[in-house]
$ cat input.cif   # mmCIF, C-alpha atoms
data_input
#
loop_
_atom_site.label_atom_id
_atom_site.label_comp_id
_atom_site.auth_asym_id
_atom_site.auth_seq_id
_atom_site.Cartn_x
_atom_site.Cartn_y
_atom_site.Cartn_z
CA MET A 1 -6.33 8.94 -27.80
CA GLN A 2 -4.40 6.30 -25.91
CA LEU A 3 -4.45 8.57 -22.88
CA ILE A 4 -8.20 8.92 -22.98
CA MET A 5 -8.63 5.16 -23.31
CA THR A 6 -6.35 4.53 -20.32
CA LEU A 7 -8.05 7.14 -18.17
CA LEU A 8 -11.46 5.78 -19.11
CA LEU A 9 -10.36 2.26 -18.24
CA ALA A 10 -9.10 3.49 -14.86
CA CYS A 11 -12.41 5.25 -14.24
CA VAL A 12 -14.40 2.13 -15.13
CA LEU A 13 -12.24 0.12 -12.75
CA MET A 14 -12.77 2.64 -9.96
CA VAL A 15 -16.52 2.68 -10.43
CA LEU A 16 -16.69 -1.12 -10.54
CA ASP A 17 -14.51 -1.45 -7.46
CA TYR A 18 -15.97 1.33 -5.37
CA ARG A 19 -19.59 1.37 -6.33
CA TYR A 20 -20.32 -2.26 -7.05
CA GLY A 21 -17.51 -4.22 -5.44
CA TYR A 22 -17.21 -6.46 -8.50
CA LEU A 23 -13.48 -6.64 -8.24
CA THR A 24 -13.03 -8.30 -4.88
CA SER A 25 -11.50 -11.39 -6.45
CA ALA A 26 -9.18 -9.27 -8.61
CA ARG A 27 -8.18 -7.30 -5.52
CA LYS A 28 -7.57 -10.49 -3.63
CA ALA A 29 -5.40 -11.86 -6.42
CA THR A 30 -3.29 -8.69 -6.68
CA ALA A 31 -2.94 -8.41 -2.93
CA THR A 32 -1.86 -12.05 -2.68
CA PHE A 33 0.60 -11.55 -5.50
CA LEU A 34 2.05 -8.48 -3.79
CA SER A 35 2.03 -9.76 -0.22
CA PRO A 36 5.77 -10.65 -0.32
CA LEU A 37 6.34 -6.88 -0.56
CA TYR A 38 4.53 -6.39 2.73
CA TYR A 39 6.73 -8.98 4.40
CA LEU A 40 9.85 -7.46 2.86
CA ALA A 41 8.95 -3.99 4.11
CA ASN A 42 8.20 -5.45 7.53
CA LEU A 43 11.52 -7.30 7.68
CA PRO A 44 13.57 -4.71 9.64
CA ASN A 45 10.83 -4.72 12.25
CA GLU A 46 10.90 -8.48 12.46
CA ILE A 47 14.65 -8.43 12.93
CA ALA A 48 14.41 -5.84 15.69
CA ALA A 49 11.70 -7.89 17.40
CA TRP A 50 13.79 -11.04 17.06
CA ALA A 51 16.80 -9.31 18.59
CA ASP A 52 14.59 -8.01 21.38
CA ASN A 53 13.39 -11.51 22.13
CA ASN A 54 16.74 -13.23 21.93
CA ILE A 55 19.04 -10.75 23.59
CA VAL A 56 17.55 -10.66 27.04
CA SER A 57 19.23 -11.36 30.32
CA ARG A 58 18.28 -14.42 32.31
CA ASN A 59 17.13 -12.32 35.27
CA ASP A 60 14.73 -10.41 33.06
CA LEU A 61 13.30 -13.66 31.80
CA ILE A 62 12.86 -15.01 35.32
CA ASP A 63 11.17 -11.80 36.39
CA GLN A 64 8.90 -11.84 33.42
CA ASN A 65 8.07 -15.47 33.94
CA ARG A 66 7.08 -14.84 37.54
CA GLN A 67 4.96 -11.89 36.53
CA LEU A 68 3.20 -13.89 33.86
CA LYS A 69 2.56 -16.76 36.25
CA ASP A 70 0.96 -14.37 38.72
CA GLU A 71 -1.17 -12.93 35.97
CA VAL A 72 -2.27 -16.37 34.78
CA LEU A 73 -3.27 -17.27 38.33
CA ILE A 74 -5.39 -14.16 38.69
CA LEU A 75 -6.98 -14.62 35.29
CA LYS A 76 -7.71 -18.28 36.01
CA ALA A 77 -9.40 -17.35 39.26
CA GLN A 78 -11.55 -14.82 37.42
CA ASN A 79 -12.25 -17.32 34.69
CA GLN A 80 -13.62 -19.85 37.18
CA ARG A 81 -16.33 -17.43 38.11
CA LEU A 82 -17.03 -16.75 34.45
CA ILE A 83 -17.45 -20.43 33.63
CA GLY A 84 -20.10 -20.69 36.33
CA LEU A 85 -21.84 -17.58 35.07
CA GLU A 86 -21.64 -18.73 31.49
CA SER A 87 -23.25 -22.07 32.13
CA GLU A 88 -25.90 -20.41 34.24
CA ASN A 89 -26.52 -17.89 31.48
CA ALA A 90 -26.72 -20.65 28.87
CA ARG A 91 -29.24 -22.50 31.04
CA LEU A 92 -31.37 -19.42 31.46
CA ARG A 93 -31.18 -18.71 27.75
CA SER A 94 -32.21 -22.24 26.90
CA LEU A 95 -35.17 -21.74 29.20
CA LEU A 96 -36.02 -18.65 27.20
CA GLY A 97 -35.54 -20.54 23.97
CA SER A 98 -32.63 -18.52 22.64
CA SER A 99 -29.15 -19.82 22.27
CA ARG A 100 -25.89 -18.15 21.58
CA SER A 101 -22.36 -19.43 21.44
CA PHE A 102 -19.90 -17.75 23.70
CA ARG A 103 -16.73 -19.43 22.71
CA GLY A 104 -16.29 -19.53 18.98
CA LYS A 105 -12.98 -20.10 17.28
CA ARG A 106 -10.37 -17.42 17.71
CA LEU A 107 -6.92 -16.79 16.34
CA ILE A 108 -4.10 -14.45 17.20
CA ALA A 109 -2.84 -12.35 14.30
CA GLU A 110 0.17 -10.12 14.13
CA VAL A 111 -0.02 -6.54 12.87
CA LEU A 112 2.34 -5.97 9.96
CA ASN A 113 4.02 -2.66 10.45
CA ILE A 114 3.11 -1.15 7.12
CA ASP A 115 2.33 2.47 6.42
CA SER A 116 -0.72 2.28 4.28
CA GLN A 117 -2.66 4.60 6.52
CA ARG A 118 -2.30 7.79 4.59
CA PHE A 119 -5.78 7.42 3.24
CA SER A 120 -7.58 5.72 6.11
CA ASN A 121 -7.21 4.13 9.52
CA GLU A 122 -6.37 0.64 8.45
CA LEU A 123 -3.99 -2.05 9.64
CA LEU A 124 -2.53 -5.02 7.85
CA LEU A 125 -2.63 -8.43 9.57
CA ASN A 126 -0.54 -11.49 8.81
CA LYS A 127 -3.47 -13.88 8.55
CA GLY A 128 -5.54 -14.35 5.42
CA SER A 129 -8.03 -16.60 3.74
CA ALA A 130 -5.62 -19.51 4.29
CA ASP A 131 -6.63 -19.20 7.96
CA GLU A 132 -10.31 -18.77 7.08
CA VAL A 133 -10.33 -15.06 7.79
CA PHE A 134 -13.39 -13.49 6.19
CA VAL A 135 -14.56 -10.00 5.29
CA GLY A 136 -16.56 -8.43 8.11
CA GLN A 137 -14.86 -10.46 10.78
CA PRO A 138 -14.59 -8.70 14.17
CA VAL A 139 -11.12 -8.01 15.57
CA VAL A 140 -10.42 -7.33 19.25
CA ASP A 141 -7.36 -6.85 21.40
CA SER A 142 -6.90 -7.38 25.11
CA GLU A 143 -8.68 -4.11 26.00
CA GLY A 144 -11.62 -4.06 23.65
CA VAL A 145 -12.92 -4.05 20.10
CA MET A 146 -10.39 -2.93 17.47
CA GLY A 147 -12.39 -3.02 14.25
CA GLN A 148 -13.24 -5.41 11.46
CA ILE A 149 -11.70 -7.04 8.41
CA VAL A 150 -12.40 -5.30 5.11
CA GLU A 151 -10.16 -7.12 2.65
CA VAL A 152 -8.65 -10.58 2.63
CA SER A 153 -5.85 -12.00 0.52
CA LEU A 154 -4.34 -15.45 0.83
CA THR A 155 -1.82 -14.61 3.54
CA THR A 156 -2.68 -11.09 4.66
CA SER A 157 -5.80 -9.20 5.51
CA ARG A 158 -6.65 -5.55 5.96
CA MET A 159 -8.68 -4.35 8.90
CA ILE A 160 -10.46 -1.05 9.34
CA LEU A 161 -10.18 0.53 12.78
CA LEU A 162 -13.10 1.61 14.94
CA ASN A 163 -12.17 5.24 14.64
CA ASP A 164 -12.14 5.38 10.85
CA GLN A 165 -14.67 7.77 9.40
CA LYS A 166 -16.33 5.00 7.45
CA HIS A 167 -16.80 2.74 10.45
CA ALA A 168 -19.71 2.58 12.85
CA ILE A 169 -20.53 0.08 15.56
CA PRO A 170 -23.74 -0.52 17.52
CA ILE A 171 -23.13 -0.09 21.24
CA ARG A 172 -24.95 0.01 24.52
CA ASN A 173 -24.12 1.84 27.70
CA ASP A 174 -22.86 -0.52 30.37
CA ARG A 175 -24.45 1.51 33.17
CA ASN A 176 -28.05 1.66 31.95
CA GLY A 177 -28.31 -0.17 28.65
CA VAL A 178 -28.95 2.88 26.45
CA ARG A 179 -28.30 1.86 22.86
CA ALA A 180 -26.61 3.98 20.23
CA ILE A 181 -24.34 3.86 17.22
CA ALA A 182 -20.73 4.96 17.60
CA GLN A 183 -19.12 6.30 14.48
CA GLY A 184 -15.45 7.11 14.01
CA ASP A 185 -14.19 10.56 13.15
CA GLY A 186 -10.59 9.66 12.37
CA GLN A 187 -9.40 9.89 15.98
CA LEU A 188 -12.25 9.29 18.40
CA LEU A 189 -15.79 7.98 18.27
CA PHE A 190 -18.94 10.03 18.45
CA LEU A 191 -22.41 8.79 19.27
CA ARG A 192 -24.97 9.58 16.62
CA HIS A 193 -28.50 10.85 17.03
CA LEU A 194 -28.84 10.80 20.79
CA PRO A 195 -31.31 13.38 22.12
CA ASN A 196 -30.20 15.87 24.74
CA THR A 197 -32.18 14.07 27.39
CA THR A 198 -30.30 10.78 27.06
CA ASP A 199 -28.70 9.58 30.24
CA ILE A 200 -25.05 9.29 29.27
CA ARG A 201 -22.31 10.67 31.46
CA GLU A 202 -18.62 11.19 31.19
CA GLY A 203 -16.73 8.02 32.09
CA ASP A 204 -19.47 5.63 31.04
CA LEU A 205 -18.23 2.41 29.50
CA LEU A 206 -19.76 1.49 26.15
CA LEU A 207 -20.06 -2.18 25.22
CA SER A 208 -20.79 -3.73 21.86
CA SER A 209 -24.48 -4.55 21.70
CA GLY A 210 -24.29 -7.29 19.10
CA LEU A 211 -27.28 -5.84 17.27
CA GLY A 212 -25.56 -5.52 13.92
CA GLU A 213 -24.72 -9.23 13.97
CA LYS A 214 -21.14 -8.29 13.14
CA PHE A 215 -19.59 -7.84 16.54
CA PRO A 216 -20.29 -10.23 19.39
CA ASP A 217 -22.16 -8.70 22.27
CA GLY A 218 -20.53 -7.53 25.49
CA TYR A 219 -17.01 -6.51 24.42
CA PRO A 220 -15.84 -3.11 25.70
CA VAL A 221 -15.72 -0.59 22.86
CA ALA A 222 -15.10 2.89 24.23
CA LYS A 223 -15.22 5.18 27.21
CA VAL A 224 -17.19 8.43 27.08
CA ILE A 225 -14.84 11.38 27.47
CA SER A 226 -17.07 14.36 26.84
CA VAL A 227 -20.77 15.13 26.72
CA THR A 228 -21.89 18.49 25.33
CA LYS A 229 -25.55 19.34 25.44
CA GLN A 230 -26.69 22.46 23.65
CA SER A 231 -30.37 23.22 23.62
CA ALA A 232 -29.98 24.87 20.24
CA LEU A 233 -28.94 21.58 18.68
CA PRO A 234 -31.28 18.64 18.30
CA TYR A 235 -28.75 16.05 19.38
CA ALA A 236 -26.21 15.84 22.18
CA GLU A 237 -22.58 15.82 21.14
CA ILE A 238 -20.98 12.81 22.80
CA MET A 239 -17.37 11.82 22.20
CA ALA A 240 -15.85 8.54 23.31
CA GLU A 241 -12.36 7.13 23.25
CA PRO A 242 -11.77 3.52 22.12
CA THR A 243 -10.61 1.28 24.95
CA ALA A 244 -8.49 -0.88 22.65
CA ASN A 245 -4.86 0.09 22.05
CA ILE A 246 -5.67 1.15 18.55
CA ASN A 247 -2.39 2.86 17.81
CA THR A 248 -0.01 0.55 19.63
CA ALA A 249 -1.39 -2.98 19.34
CA ASN A 250 1.04 -5.51 17.91
CA HIS A 251 -1.14 -8.57 18.27
CA VAL A 252 -4.86 -8.77 17.76
CA LEU A 253 -7.43 -11.49 18.20
CA LEU A 254 -9.65 -12.57 15.32
CA LEU A 255 -13.05 -13.87 16.39
CA TRP A 256 -15.48 -16.26 14.76
CA PRO A 257 -18.45 -15.30 16.91
CA TYR A 258 -21.53 -16.32 14.93
CA GLU A 259 -20.53 -19.85 14.29
CA PRO A 260 -22.27 -22.82 15.83
CA THR A 261 -19.17 -24.24 17.44
CA ILE A 262 -19.54 -24.13 21.18
CA ASP A 263 -17.59 -27.03 22.58
CA ALA A 264 -15.70 -28.36 19.60
CA VAL A 265 -12.88 -25.87 19.87
CA ASP A 266 -13.16 -25.25 23.56
CA ASP A 267 -10.21 -27.42 24.46
CA ASN A 268 -7.82 -25.36 22.42
CA PRO A 269 -9.35 -21.96 21.98
CA LEU A 270 -6.11 -20.10 21.46
CA GLU A 271 -3.99 -21.02 18.54
CA SER A 272 -0.90 -18.96 18.81
CA SER A 273 0.46 -17.52 15.62
CA GLU A 274 3.99 -17.76 16.87
CA LYS A 275 5.61 -21.10 17.38
CA MET B 276 20.27 -8.47 -33.73
CA LYS B 277 20.46 -11.10 -31.05
CA THR B 278 22.41 -8.91 -28.61
CA MET B 279 19.91 -6.14 -29.18
CA LYS B 280 17.09 -8.40 -28.07
CA ASN B 281 18.99 -9.51 -25.01
CA GLU B 282 19.58 -5.93 -23.97
CA VAL B 283 15.93 -5.07 -24.17
CA LYS B 284 15.02 -7.97 -21.90
CA HIS B 285 17.80 -7.12 -19.52
CA GLY B 286 16.62 -3.55 -19.20
CA THR B 287 13.03 -4.47 -18.45
CA TRP B 288 14.23 -6.48 -15.51
CA ILE B 289 16.06 -3.47 -14.07
CA ILE B 290 13.03 -1.21 -14.51
CA ILE B 291 10.70 -3.64 -12.77
CA LEU B 292 13.16 -4.15 -9.92
CA SER B 293 13.55 -0.41 -9.38
CA LEU B 294 9.78 0.02 -9.31
CA ILE B 295 9.40 -2.80 -6.79
CA ILE B 296 12.05 -1.20 -4.57
CA GLY B 297 10.14 2.06 -4.88
CA MET B 298 6.95 0.34 -3.73
CA ILE B 299 8.69 -1.21 -0.74
CA LEU B 300 10.02 2.22 0.21
CA ASP B 301 6.51 3.57 -0.19
CA ILE B 302 5.08 1.24 2.45
CA PHE B 303 8.19 1.00 4.62
CA PRO B 304 7.31 1.78 8.25
CA LEU B 305 8.36 5.25 9.35
CA PRO B 306 7.77 7.09 12.64
CA GLU B 307 4.41 8.82 12.70
CA THR B 308 5.84 12.33 12.56
CA TRP B 309 7.96 11.60 9.51
CA GLN B 310 5.20 10.00 7.55
CA SER B 311 3.97 13.08 5.80
CA PHE B 312 7.51 13.83 4.61
CA ARG B 313 7.83 10.50 2.86
CA PRO B 314 8.56 11.10 -0.83
CA SER B 315 6.44 9.15 -3.29
CA PHE B 316 9.26 6.89 -4.42
CA THR B 317 7.33 4.88 -6.97
CA PHE B 318 6.07 8.03 -8.65
CA LEU B 319 9.57 9.53 -8.87
CA ILE B 320 11.22 6.35 -10.12
CA PHE B 321 8.48 5.88 -12.67
CA SER B 322 8.84 9.49 -13.82
CA TYR B 323 12.55 8.95 -14.35
CA TRP B 324 11.96 5.96 -16.61
CA VAL B 325 9.36 7.87 -18.60
CA ILE B 326 11.77 10.75 -19.16
CA ALA B 327 14.68 8.45 -19.97
CA LEU B 328 12.84 5.90 -22.12
CA PRO B 329 9.62 7.52 -23.34
CA HIS B 330 9.42 5.10 -26.27
CA ARG B 331 9.23 2.10 -23.95
CA ILE B 332 7.65 3.24 -20.70
CA GLY B 333 4.21 4.52 -21.52
CA LEU B 334 0.61 4.42 -20.48
CA LEU B 335 0.38 0.64 -20.17
CA TRP B 336 3.25 0.62 -17.69
CA ALA B 337 1.65 3.51 -15.82
CA PHE B 338 -1.62 1.61 -15.65
CA ILE B 339 -0.08 -1.59 -14.28
CA THR B 340 2.19 0.22 -11.80
CA GLY B 341 -0.81 2.20 -10.62
CA LEU B 342 -2.82 -0.96 -10.05
CA ALA B 343 -0.01 -2.44 -7.98
CA LEU B 344 0.15 0.77 -5.92
CA ASP B 345 -3.60 0.65 -5.37
CA ALA B 346 -3.47 -2.91 -4.15
CA LEU B 347 -0.56 -2.07 -1.82
CA LEU B 348 -2.04 1.09 -0.35
CA GLY B 349 -5.59 -0.22 -0.15
CA THR B 350 -7.05 2.50 -2.33
CA THR B 351 -9.77 1.93 -4.90
CA LEU B 352 -8.41 0.02 -7.88
CA GLY B 353 -7.60 2.37 -10.72
CA LEU B 354 -7.00 5.44 -8.58
CA HIS B 355 -3.24 5.57 -8.87
CA SER B 356 -3.48 4.23 -12.42
CA PHE B 357 -5.47 7.28 -13.38
CA ALA B 358 -3.05 9.70 -11.75
CA LEU B 359 0.06 7.97 -13.08
CA ALA B 360 -1.32 7.72 -16.61
CA PHE B 361 -2.15 11.41 -16.63
CA LEU B 362 1.32 12.38 -15.39
CA THR B 363 2.95 9.97 -17.84
CA PHE B 364 1.19 11.79 -20.65
CA ILE B 365 2.52 15.17 -19.46
CA LEU B 366 6.02 13.75 -19.02
CA GLN B 367 6.03 12.14 -22.45
CA LEU B 368 5.07 15.43 -24.08
CA ASN B 369 7.86 17.28 -22.29
CA HIS B 370 10.59 14.67 -21.89
CA GLN B 371 13.05 16.36 -24.23
CA ARG B 372 12.69 19.70 -22.51
CA LEU B 373 13.04 18.08 -19.10
CA ARG B 374 16.21 16.23 -20.10
CA LEU B 375 17.87 19.51 -21.05
CA PHE B 376 16.99 21.28 -17.82
CA PRO B 377 19.72 21.64 -15.19
CA LEU B 378 19.08 19.48 -12.12
CA TRP B 379 17.66 22.26 -9.94
CA LYS B 380 15.18 23.22 -12.59
CA GLN B 381 14.21 19.58 -13.02
CA ALA B 382 13.63 19.38 -9.27
CA LEU B 383 11.34 22.42 -9.40
CA THR B 384 9.42 20.89 -12.27
CA MET B 385 9.06 17.69 -10.30
CA VAL B 386 7.59 19.67 -7.39
CA LEU B 387 5.04 21.13 -9.75
CA LEU B 388 4.24 17.73 -11.27
CA SER B 389 3.99 16.21 -7.78
CA VAL B 390 1.43 18.84 -6.87
CA ILE B 391 -0.65 17.81 -9.88
CA TYR B 392 -0.21 14.12 -9.04
CA PHE B 393 -1.10 14.65 -5.38
CA ALA B 394 -4.10 16.75 -6.32
CA ILE B 395 -5.46 14.03 -8.61
CA VAL B 396 -4.86 11.34 -5.99
CA LEU B 397 -6.49 13.40 -3.24
CA TRP B 398 -9.42 14.31 -5.44
CA LEU B 399 -10.07 10.70 -6.45
CA ALA B 400 -9.53 9.48 -2.90
CA ARG B 401 -12.15 11.92 -1.63
CA LEU B 402 -14.52 10.84 -4.40
CA THR B 403 -14.17 7.23 -3.33
CA GLY B 404 -14.93 7.97 0.28
CA LYS B 405 -11.55 8.29 1.94
CA PRO B 406 -11.31 10.74 4.82
CA GLU B 407 -10.14 14.29 4.61
CA SER B 408 -6.44 14.92 5.05
CA ASP B 409 -4.70 17.94 6.51
CA SER B 410 -2.34 20.38 4.84
CA TRP B 411 0.64 18.20 5.83
CA TYR B 412 -0.38 16.03 2.92
CA TRP B 413 1.25 18.50 0.53
CA ILE B 414 4.62 18.65 2.29
CA ALA B 415 5.75 15.50 0.47
CA THR B 416 5.70 17.39 -2.83
CA LEU B 417 8.68 19.37 -1.50
CA THR B 418 10.54 16.25 -0.36
CA ASN B 419 9.87 14.84 -3.82
CA GLY B 420 11.66 17.86 -5.28
CA LEU B 421 14.55 17.53 -2.83
CA LEU B 422 14.99 13.86 -3.59
CA TRP B 423 14.74 14.19 -7.36
CA PRO B 424 18.34 15.29 -8.20
CA TRP B 425 19.84 12.40 -6.19
CA LEU B 426 17.42 9.89 -7.58
CA PHE B 427 17.98 11.17 -11.10
CA VAL B 428 21.75 10.81 -10.89
CA LEU B 429 21.48 7.42 -9.21
CA LEU B 430 19.04 6.01 -11.73
CA ARG B 431 21.00 7.52 -14.64
CA ASP B 432 24.13 5.73 -13.47
CA ILE B 433 22.21 2.51 -13.01
CA ARG B 434 20.73 2.87 -16.45
CA ARG B 435 24.13 3.47 -18.03
CA TYR B 436 25.77 0.66 -16.09
CA PHE B 437 23.18 -1.90 -17.19
CA ARG B 438 22.86 -0.25 -20.60
CA VAL B 439 19.10 0.00 -20.47
CA VAL B 440 17.91 1.59 -23.70
#
$ encode --input "input.cif" --output "structure tokens"
Amino acid sequence: MQLIMTLLLACVLMVLDYRYGYLTSARKATATFLSPLYYLANLPNEIAAWADNNIVSRNDLIDQNRQLKDEVLILKAQNQRLIGLESENARLRSLLGSSRSFRGKRLIAEVLNIDSQRFSNELLLNKGSADEVFVGQPVVDSEGVMGQIVEVSLTTSRMILLNDQKHAIPIRNDRNGVRAIAQGDGQLLFLRHLPNTTDIREGDLLLSSGLGEKFPDGYPVAKVISVTKQSALPYAEIMAEPTANINTANHVLLLWPYEPTIDAVDDNPLESSEK
Amino acid sequence: MKTMKNEVKHGTWIIILSLIIGMILDIFPLPETWQSFRPSFTFLIFSYWVIALPHRIGLLWAFITGLALDALLGTTLGLHSFALAFLTFILQLNHQRLRLFPLWKQALTMVLLSVIYFAIVLWLARLTGKPESDSWYWIATLTNGLLWPWLFVLLRDIRRYFRVV
């Protein structure tokens, strides 16, 4: 009798959580309560990283410093062009009567090295609602879009990766602007419902189109790696590989794209998570 | 009477600590290739306490431990509660038989129980929209069996040392 009651209770919980999402606050509370466990399990990694950072020879540091300086110079040069383009773009857009913020708030988060991926492609980040992270927030790394936040606790958050089976992202082809939806299959992305006549080739770069109002427009998402067209099938079979370092990224960037803050945070757009 | 009460409290503390350690081991980062061999520590530790103290560790404990596991692993709330409660029921029915088994036979039984546990978890995970997993998923049932004798002896010694009854 007790067993049946317990099993029923578990079932009710599952239905409420999965089907209706009533339990988000309960989830958040439990996850916050248990987040010390995440940090404990991540501790050996932290120690290894600390040792890596602190036990380096001076020459290595000098080398690295020089490399980074070079990189900053190059990036700054590129950025100068972008600033010009951005203001021009904003002017043109204001002429057209549409406005969009390009530089919202952003924040660097660290990936906690936790194995909770047995059931899905998810990562745990060390930023939570204390840093105003919200559900549905886009996450990118230096190479492209990584995924979005699906669960937030006070100090941690859980993100779903682009290539998860439950994730899809609206994209457009960089070469000709063809729009599509890229869904994950666990490893790669495939483009849904594109007819055989669509002009998409191997090697095309796919950018986020911003149509879903989740991801900001123009971030690289994936590169097409194979296009199979069979006349027997109604749709072409197009596979693409995410450009982001989905399996190796240690730091990711959280974006606040659809927020009307254009210049307020411009002076200090990058708040580093590490002091 | 007073000492009795103290002992009960003392024991609870040990049980909770062992379960927390199990959970940490469950999410501890391992190399990709080893991941599917990871034993389900929390499940094994919990099973031990059910067999050792069936009068204390029952369905309520299973339910709460399962909820904690769900929150940690990001599965739908109630999923591991369901599986753990079901297994707790089986273990409670058979705890006396299991205690009398020699260790190797216990290990075999644990493999069988792990298969049931894994099947329930996989079934519920698929129902709640988690992706398909490959046949490597089942390999951990064997590692569960391999780990069981060591874990059993270790936890038995801990239980005797701290006199958890």
$ atom_distance --input "input.cif" --atom1 "atom CA of Ala41 of chain A" --atom2 "atom CA of Phe303 of chain B"
5.1 Å
$ closest_residue --input "input.cif" --among "A:Asn121, A:Ser87, A:Val140, A:Gly210" --to "Arg106 of chain A" --atoms "only C-alpha atoms"
A:Val140
$ residues_around --input "input.cif" --residues "segment 427-436 of chain B" --least-positions-apart "3" --cutoff "10 Å" --atoms "only C-alpha atoms" --output "list of chain:residue names"
B:Gly286, B:Ile289, B:Ile290, B:Ser293, B:Leu319, B:Ile320, B:Ser322, B:Tyr323, B:Trp324, B:Ala327, B:Leu378, B:Gln381, B:Ala382, B:Leu422, B:Trp423, B:Pro424, B:Val439, B:Val440
$ resolve_selection --input "input.cif" --expression "the PyMOL selection byres ((chain B and resi 409-412) around 9)" --output "list in words"
Arg118 of chain A; Ser311, Phe312, Phe393, Glu407, Ser408, Trp413, Ile414, Ala415 and Thr416 of chain B
$ resolve_selection --input "input.cif" --expression "the PyMOL selection byres ((chain B) within 7 of (chain A))" --output "MDAnalysis selection string"
chainID B and resid 299 302:304 334 346:348 351:354 356:357 360 364 403 405:406
$ axis_aligned_box --input "input.cif" --around "segment 330-348 of chain B" --padding-each-side "6 Å" --output "JSON"
{"center_x": 2.9, "center_y": 1.1, "center_z": -13.3, "size_x": 25.0, "size_y": 20.0, "size_z": 37.9}
$ resolve_selection --input "input.cif" --expression "the PyMOL selection byres ((chain B and resi 389) around 10)" --output "CSV table (one decimal) with C-alpha atoms, in the frame of the given file"
chain,number,residue,atom,x,y,z
B,314,PRO,CA,8.6,11.1,-0.8
B,315,SER,CA,6.4,9.2,-3.3
B,318,PHE,CA,6.1,8.0,-8.6
B,319,LEU,CA,9.6,9.5,-8.9
B,362,LEU,CA,1.3,12.4,-15.4
B,383,LEU,CA,11.3,22.4,-9.4
B,384,THR,CA,9.4,20.9,-12.3
B,385,MET,CA,9.1,17.7,-10.3
B,386,VAL,CA,7.6,19.7,-7.4
B,387,LEU,CA,5.0,21.1,-9.8
B,388,LEU,CA,4.2,17.7,-11.3
B,390,VAL,CA,1.4,18.8,-6.9
B,391,ILE,CA,-0.6,17.8,-9.9
B,392,TYR,CA,-0.2,14.1,-9.0
B,393,PHE,CA,-1.1,14.6,-5.4
B,394,ALA,CA,-4.1,16.8,-6.3
B,395,ILE,CA,-5.5,14.0,-8.6
B,413,TRP,CA,1.2,18.5,0.5
B,415,ALA,CA,5.8,15.5,0.5
B,416,THR,CA,5.7,17.4,-2.8
B,417,LEU,CA,8.7,19.4,-1.5
B,418,THR,CA,10.5,16.2,-0.4
B,419,ASN,CA,9.9,14.8,-3.8
B,420,GLY,CA,11.7,17.9,-5.3
$ residues_around --input "input.cif" --residues "Gly212 of chain A" --least-positions-apart "2" --cutoff "12 Å" --atoms "all atoms listed in the file" --output "ChimeraX atom specification"
/A:136,138,168-172,179-181,208-210,214-217,258
$ atom_distance --input "input.cif" --atom1 "atom CA of Pro195 of chain A" --atom2 "atom CA of Ser231 of chain A"
10.0 Å
$ closest_residue --input "input.cif" --among "A:Asn89, A:Asn163, A:Ser142, A:Thr197" --to "Val178 of chain A" --atoms "only C-alpha atoms"
A:Thr197
$ atom_distance --input "input.cif" --atom1 "atom CA of Lys380 of chain B" --atom2 "atom CA of Phe316 of chain B"
19.2 Å
$ residues_around --input "input.cif" --residues "Val133 of chain A" --least-positions-apart "4" --cutoff "9 Å" --atoms "all atoms listed in the file" --output "ChimeraX atom specification"
/A:127-129,137,149,152,157,254,256
$ closest_residue --input "input.cif" --among "B:Glu307, B:Gly297, B:Leu368, B:Asp345" --to "Gly333 of chain B" --atoms "only C-alpha atoms"
B:Leu368
